[in-house]
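The next block is upload27.tsv, given as TSV, C-alpha atoms.
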```tsv
chain	number	residue	atom	x	y	z
A	1	MET	CA	128.55	-46.69	76.94
A	2	ASN	CA	127.58	-47.75	80.43
A	3	VAL	CA	124.15	-46.15	80.06
A	4	PRO	CA	122.17	-47.66	77.17
A	5	ILE	CA	121.12	-45.38	74.34
A	6	GLU	CA	117.48	-46.10	75.17
A	7	ALA	CA	117.84	-44.18	78.45
A	8	TYR	CA	119.06	-41.09	76.60
A	9	LEU	CA	116.28	-41.42	74.03
A	10	LEU	CA	113.62	-41.75	76.73
A	11	LEU	CA	115.01	-38.65	78.47
A	12	SER	CA	114.92	-36.86	75.12
A	13	LEU	CA	111.30	-37.97	74.66
A	14	GLY	CA	110.44	-36.71	78.14
A	15	LEU	CA	111.94	-33.29	77.44
A	16	LEU	CA	110.14	-33.11	74.09
A	17	VAL	CA	106.77	-33.94	75.67
A	18	LEU	CA	107.40	-31.36	78.43
A	19	GLY	CA	108.13	-28.71	75.82
A	20	LEU	CA	105.02	-29.72	73.87
A	21	ILE	CA	102.90	-29.37	77.04
A	22	GLY	CA	104.39	-25.89	77.43
A	23	VAL	CA	103.52	-24.95	73.85
A	24	MET	CA	99.96	-26.21	74.36
A	25	ARG	CA	99.32	-24.60	77.77
A	26	ARG	CA	101.08	-21.25	77.50
A	27	ARG	CA	99.39	-18.27	75.94
A	28	ASN	CA	102.24	-15.77	76.30
A	29	PRO	CA	104.42	-15.92	73.15
A	30	LEU	CA	107.56	-15.49	75.29
A	31	MET	CA	106.73	-18.67	77.20
A	32	LEU	CA	105.99	-20.39	73.91
A	33	LEU	CA	109.53	-19.61	72.71
A	34	LEU	CA	111.01	-20.90	76.00
A	35	SER	CA	109.14	-24.19	75.55
A	36	VAL	CA	110.34	-24.47	71.95
A	37	GLU	CA	113.93	-24.09	73.22
A	38	LEU	CA	113.27	-27.05	75.52
A	39	MET	CA	112.06	-29.14	72.58
A	40	LEU	CA	115.11	-28.24	70.49
A	41	ASN	CA	117.33	-29.34	73.38
A	42	ALA	CA	115.51	-32.67	73.48
A	43	GLY	CA	116.46	-33.15	69.85
A	44	ASN	CA	120.07	-32.28	70.63
A	45	VAL	CA	120.23	-34.92	73.38
A	46	ALA	CA	119.14	-37.59	70.90
A	47	LEU	CA	121.63	-36.37	68.27
A	48	ILE	CA	124.58	-36.40	70.68
A	49	GLY	CA	123.51	-39.81	71.99
A	50	PHE	CA	123.54	-41.28	68.49
A	51	SER	CA	126.87	-39.58	67.80
A	52	ARG	CA	128.35	-41.36	70.83
A	53	MET	CA	126.75	-44.65	69.89
A	54	TRP	CA	128.14	-44.69	66.34
A	55	ASP	CA	131.41	-43.01	67.32
A	56	ASP	CA	130.90	-40.43	64.57
A	57	PRO	CA	131.17	-36.63	64.93
A	58	SER	CA	128.36	-35.95	62.41
A	59	GLY	CA	125.71	-35.97	65.14
A	60	GLN	CA	127.61	-33.27	67.01
A	61	VAL	CA	127.75	-31.15	63.84
A	62	PHE	CA	123.96	-31.54	63.52
A	63	ALA	CA	123.57	-30.45	67.15
A	64	LEU	CA	125.63	-27.32	66.49
A	65	VAL	CA	123.44	-26.53	63.46
A	66	VAL	CA	120.33	-26.91	65.64
A	67	MET	CA	121.83	-24.46	68.14
A	68	VAL	CA	122.38	-21.85	65.41
A	69	VAL	CA	118.83	-22.31	64.12
A	70	ALA	CA	117.55	-21.92	67.70
A	71	ALA	CA	119.52	-18.70	68.16
A	72	ALA	CA	118.19	-17.24	64.88
A	73	GLU	CA	114.65	-18.29	65.75
A	74	VAL	CA	114.86	-16.60	69.16
A	75	VAL	CA	116.18	-13.37	67.64
A	76	ILE	CA	113.28	-13.13	65.19
A	77	GLY	CA	110.72	-14.37	67.74
A	78	LEU	CA	111.71	-11.86	70.41
A	79	GLY	CA	111.81	-9.08	67.80
A	80	LEU	CA	108.24	-9.96	66.80
A	81	VAL	CA	107.12	-10.13	70.45
A	82	VAL	CA	108.52	-6.65	71.15
A	83	ALA	CA	107.04	-5.26	67.91
A	84	ILE	CA	103.61	-6.72	68.72
A	85	TYR	CA	103.74	-5.45	72.29
A	86	ARG	CA	104.19	-1.88	71.05
A	87	THR	CA	100.71	-1.89	69.56
A	88	ARG	CA	98.95	-4.03	72.20
A	89	SER	CA	98.72	-3.92	75.95
A	90	ASN	CA	98.77	-7.64	76.67
A	91	LEU	CA	100.48	-10.64	75.15
A	92	ASP	CA	98.20	-13.49	74.19
A	93	VAL	CA	98.67	-15.70	71.14
A	94	ASP	CA	94.91	-16.33	71.02
A	95	GLU	CA	94.29	-12.61	70.48
A	96	LEU	CA	96.77	-12.23	67.62
A	97	SER	CA	94.35	-12.65	64.74
A	98	SER	CA	95.10	-9.41	62.89
A	99	MET	CA	96.79	-11.29	60.05
A	100	ARG	CA	93.68	-13.37	59.42
A	101	GLY	CA	92.69	-13.11	55.76
B	102	MET	CA	129.55	-46.25	87.07
B	103	GLY	CA	130.53	-42.62	86.65
B	104	GLU	CA	128.39	-42.24	83.57
B	105	LYS	CA	125.39	-43.72	85.37
B	106	ILE	CA	125.67	-41.25	88.26
B	107	THR	CA	126.17	-38.32	85.88
B	108	PHE	CA	123.23	-39.45	83.77
B	109	ALA	CA	120.95	-39.79	86.81
B	110	VAL	CA	121.85	-36.33	88.14
B	111	ALA	CA	121.56	-34.67	84.72
B	112	ALA	CA	118.30	-36.45	83.84
B	113	ILE	CA	116.64	-35.45	87.12
B	114	GLY	CA	117.95	-31.90	86.70
B	115	ALA	CA	116.82	-31.60	83.08
B	116	LEU	CA	113.31	-32.95	83.72
B	117	GLY	CA	112.89	-30.97	86.97
B	118	PHE	CA	114.03	-27.66	85.53
B	119	GLY	CA	112.12	-28.42	82.32
B	120	ALA	CA	108.95	-28.84	84.38
B	121	GLY	CA	109.81	-25.48	85.95
B	122	VAL	CA	109.99	-23.89	82.49
B	123	VAL	CA	106.57	-25.26	81.62
B	124	PHE	CA	104.71	-24.76	84.90
B	125	PHE	CA	106.11	-21.57	86.51
B	126	ARG	CA	103.59	-18.78	86.02
B	127	ASP	CA	106.23	-16.07	86.39
B	128	ALA	CA	108.12	-15.50	83.12
B	129	PHE	CA	111.35	-14.58	84.91
B	130	ARG	CA	111.35	-17.79	86.96
B	131	ALA	CA	110.62	-19.85	83.87
B	132	ALA	CA	113.60	-18.29	82.04
B	133	VAL	CA	115.95	-18.91	85.00
B	134	SER	CA	114.61	-22.47	85.18
B	135	LEU	CA	115.53	-22.84	81.50
B	136	ILE	CA	119.15	-22.02	82.42
B	137	GLY	CA	119.10	-24.94	84.86
B	138	ALA	CA	117.68	-27.29	82.23
B	139	LEU	CA	120.30	-26.18	79.68
B	140	LEU	CA	123.14	-26.71	82.16
B	141	ALA	CA	121.80	-30.20	82.96
B	142	VAL	CA	121.71	-31.00	79.23
B	143	ALA	CA	125.31	-29.72	78.94
B	144	LEU	CA	126.24	-32.16	81.72
B	145	LEU	CA	124.64	-34.93	79.65
B	146	PHE	CA	126.80	-33.90	76.69
B	147	VAL	CA	129.91	-34.22	78.86
B	148	ALA	CA	128.76	-37.71	79.90
B	149	LEU	CA	128.39	-38.54	76.20
B	150	LEU	CA	132.02	-37.48	75.54
B	151	ALA	CA	131.04	-34.32	73.65
B	152	PRO	CA	132.84	-31.61	75.65
B	153	PHE	CA	133.00	-29.14	72.76
B	154	VAL	CA	129.24	-29.18	72.21
B	155	ALA	CA	128.74	-28.91	75.97
B	156	VAL	CA	130.87	-25.75	76.10
B	157	VAL	CA	129.04	-24.27	73.10
B	158	GLN	CA	125.74	-25.14	74.79
B	159	VAL	CA	126.71	-23.18	77.91
B	160	ILE	CA	128.09	-20.19	75.99
B	161	VAL	CA	125.43	-19.89	73.28
B	162	TYR	CA	122.32	-21.08	75.15
B	163	ALA	CA	122.84	-20.16	78.78
B	164	GLY	CA	125.08	-17.24	77.93
B	165	ALA	CA	123.39	-15.59	74.95
B	166	ILE	CA	119.87	-16.88	74.31
B	167	VAL	CA	118.61	-16.90	77.91
B	168	VAL	CA	120.16	-13.47	78.54
B	169	MET	CA	118.20	-12.20	75.53
B	170	PHE	CA	115.03	-13.73	77.01
B	171	LEU	CA	115.71	-12.13	80.39
B	172	PHE	CA	116.34	-8.77	78.72
B	173	VAL	CA	113.03	-8.86	76.84
B	174	ILE	CA	111.14	-10.03	79.95
B	175	ALA	CA	112.63	-7.15	81.95
B	176	TYR	CA	111.98	-4.73	79.07
B	177	LEU	CA	108.32	-5.65	78.68
B	178	GLY	CA	107.75	-5.67	82.44
B	179	GLU	CA	104.83	-7.27	84.26
B	180	ARG	CA	101.90	-8.14	82.06
B	181	GLY	CA	98.38	-8.28	83.35
B	182	GLU	CA	96.77	-11.67	83.71
B	183	ILE	CA	95.11	-12.82	80.49
B	184	THR	CA	91.35	-12.92	80.90
B	185	SER	CA	90.03	-13.62	77.41
B	186	VAL	CA	88.25	-16.87	76.73
B	187	ASP	CA	90.08	-19.77	75.13
B	188	ARG	CA	88.73	-19.94	71.60
B	189	LEU	CA	90.17	-23.40	71.06
B	190	ASP	CA	88.53	-24.80	74.19
B	191	ARG	CA	86.57	-27.54	72.47
B	192	TRP	CA	89.74	-28.86	70.81
B	193	GLN	CA	91.55	-29.22	74.15
B	194	VAL	CA	90.64	-32.90	74.57
B	195	VAL	CA	91.93	-33.68	71.09
B	196	GLY	CA	95.19	-31.88	71.87
B	197	TRP	CA	95.80	-33.78	75.10
B	198	LEU	CA	94.91	-37.11	73.47
B	199	GLY	CA	97.39	-36.32	70.69
B	200	LEU	CA	100.06	-35.46	73.25
B	201	ILE	CA	99.54	-38.70	75.20
B	202	GLY	CA	99.48	-40.64	71.96
B	203	LEU	CA	102.74	-39.06	70.80
B	204	GLY	CA	104.47	-39.78	74.12
B	205	GLY	CA	103.22	-43.38	74.22
B	206	LEU	CA	104.13	-43.98	70.58
B	207	GLY	CA	107.64	-42.58	71.13
B	208	ALA	CA	108.17	-44.72	74.24
B	209	ILE	CA	106.98	-47.86	72.44
B	210	ALA	CA	109.19	-47.07	69.45
B	211	VAL	CA	112.27	-46.54	71.65
B	212	LEU	CA	111.72	-49.63	73.80
B	213	SER	CA	110.84	-52.02	70.97
B	214	SER	CA	113.63	-51.05	68.52
B	215	ALA	CA	117.11	-52.44	68.35
B	216	PHE	CA	119.67	-49.64	68.29
B	217	GLY	CA	123.33	-49.50	67.68
B	218	PRO	CA	126.14	-51.10	65.80
B	219	SER	CA	126.96	-54.77	66.23
B	220	THR	CA	130.22	-53.80	67.96
B	221	PRO	CA	129.74	-51.11	70.61
B	222	ALA	CA	131.83	-47.98	70.49
B	223	PRO	CA	135.09	-48.05	72.45
B	224	GLU	CA	135.11	-46.40	75.86
B	225	ALA	CA	137.34	-43.40	75.23
B	226	THR	CA	137.31	-41.83	71.78
B	227	ASP	CA	138.43	-38.58	70.24
B	228	VAL	CA	135.13	-37.98	68.50
B	229	GLY	CA	134.04	-35.06	70.68
B	230	SER	CA	137.16	-32.95	70.42
B	231	ALA	CA	137.12	-29.60	68.66
B	232	GLN	CA	139.59	-30.96	66.13
B	233	SER	CA	137.49	-33.90	64.98
B	234	ILE	CA	134.34	-31.74	64.85
B	235	GLY	CA	136.16	-29.14	62.77
B	236	VAL	CA	137.39	-31.78	60.38
B	237	ALA	CA	133.87	-33.23	60.11
B	238	ILE	CA	132.36	-29.79	59.40
B	239	LEU	CA	134.90	-28.84	56.74
B	240	ASP	CA	135.20	-32.29	55.18
B	241	SER	CA	131.67	-33.63	54.92
B	242	HIS	CA	129.27	-30.92	56.12
B	243	ILE	CA	130.51	-27.83	54.30
B	244	ILE	CA	127.05	-27.22	52.78
B	245	ALA	CA	125.59	-27.13	56.30
B	246	LEU	CA	128.19	-24.53	57.26
B	247	GLN	CA	127.21	-22.37	54.28
B	248	GLY	CA	123.54	-22.83	55.16
B	249	ILE	CA	124.22	-21.69	58.73
B	250	ALA	CA	125.88	-18.55	57.38
B	251	VAL	CA	122.85	-17.76	55.20
B	252	ILE	CA	120.43	-18.39	58.11
B	253	MET	CA	122.35	-16.07	60.41
B	254	LEU	CA	122.45	-13.36	57.72
B	255	ILE	CA	118.69	-13.65	57.20
B	256	ALA	CA	118.08	-13.49	60.97
B	257	THR	CA	120.29	-10.41	61.31
B	258	VAL	CA	118.55	-8.58	58.45
B	259	GLY	CA	115.14	-9.55	59.82
B	260	ALA	CA	115.98	-8.31	63.31
B	261	VAL	CA	117.28	-5.00	61.95
B	262	ILE	CA	114.17	-4.48	59.82
B	263	LEU	CA	111.87	-5.28	62.78
B	264	ALA	CA	113.76	-2.86	65.02
B	265	LYS	CA	113.81	-0.17	62.33
B	266	SER	CA	110.07	-0.23	61.76
B	267	ALA	CA	109.53	-0.14	65.53
B	268	VAL	CA	111.77	2.93	65.93
B	269	GLN	CA	110.02	4.65	63.02
B	270	GLY	CA	106.67	3.88	64.62
B	271	GLU	CA	107.76	5.87	67.66
B	272	GLY	CA	108.66	8.89	65.57
B	273	GLY	CA	112.37	8.27	65.25
B	274	ARG	CA	114.29	8.00	62.04
```
I'd like the structure from this file rewritten - as structure tokens, please.
Amino acid sequence: MNVPIEAYLLLSLGLLVLGLIGVMRRRNPLMLLLSVELMLNAGNVALIGFSRMWDDPSGQVFALVVMVVAAAEVVIGLGLVVAIYRTRSNLDVDELSSMRG
Amino acid sequence: MGEKITFAVAAIGALGFGAGVVFFRDAFRAAVSLIGALLAVALLFVALLAPFVAVVQVIVYAGAIVVMFLFVIAYLGERGEITSVDRLDRWQVVGWLGLIGLGGLGAIAVLSSAFGPSTPAPEATDVGSAQSIGVAILDSHIIALQGIAVIMLIATVGAVILAKSAVQGEGGR
């Protein structure tokens, strides 16, 4: 590895913090899901970096599992967004308190 | 040298497009920006000698997930600007402090830890090929494979149920 693993981990940290800023700032649930995708990718960068460092394919298997979980999460998330939109005119996570006990 | 150039290009691309995802107000632009970030991350995977994962990243993420996002954004159309007050306003400072703390803590942890094996990995290995990943999945991660199958089944059933109740709500069968 010509580039040290720390560089990949710092890039991964930067992507994770960017995604977290998105989750904190956005109020549209669609944008929230986009930011979560960014955070999952940050995790994948770290996993593949460690896989390269240890010369072991396990990290790549973990990354593939993360991708499947991301795909399933997006399917359910987008289904919920569309279902919520049918009964409301605007999309705002702060307004979605109808499940409050 | 090649890895350094690739890493620099991919890192700038990933962080730039990632900032686009977070800061573009328009949902469509944010989703297209996510494609750029995902392609930059795929380039990083190639630099890390993981071509199979890079190809899956392009096909599954940029090909399937972002297209689904774009479809839903186009389906829902333009939303009016949100005008309601932020009910968590007084917690905003705490949130930002936590974010800065998390970033600083992560940076300190990365920079102050010693990573890696005593002997560095050889330059060219076979570890990223489809064959070695397949062997790893079937040999030592078979439970994870089964778990993936269950997760995808649950997601499919959940999506069908959500769509079914929505169609019934509109008067269909």
Practice item. Compute the chain B side of the contact with chain A at 6 Å, counting all atoms listed in the file, and hand it back as a list in words. Key: Lys105, Val123, Ala222, Val228, Ile234, Ala256 and Ala260 of chain B
Take the selection from the previous step and output its residues with C-alpha atoms, as a tab-separated table (two decimals), keeping the file's coordinate frame.
```
chain	number	residue	atom	x	y	z
B	105	LYS	CA	125.39	-43.72	85.37
B	123	VAL	CA	106.57	-25.26	81.62
B	222	ALA	CA	131.83	-47.98	70.49
B	228	VAL	CA	135.13	-37.98	68.50
B	234	ILE	CA	134.34	-31.74	64.85
B	256	ALA	CA	118.08	-13.49	60.97
B	260	ALA	CA	115.98	-8.31	63.31
```
Check your understanding: Do you know which residues are at most 8 Å from B:Gly121 counting only C-alpha atoms, after dropping those on the same chain fewer than 4 positions away, and could you put them as a PyMOL selection string?
Key -> chain B and resi 117+125+130-131+134-135
Check your understanding: Which one of B:Met102, B:Val173, B:Ser214, B:Ile166 sits closest to B:Ala148 if you count all atoms listed in the file?
Key -> B:Met102
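Checking B:Val268, B:Leu254, B:Ala111, B:Val156 one by one against B:Leu144, counting only C-alpha atoms, you find the shortest gap at B:Ala111.
Distance-wise, atom CA of B:Ala245 and atom CA of B:Ser233 end up 16.2 Å apart.
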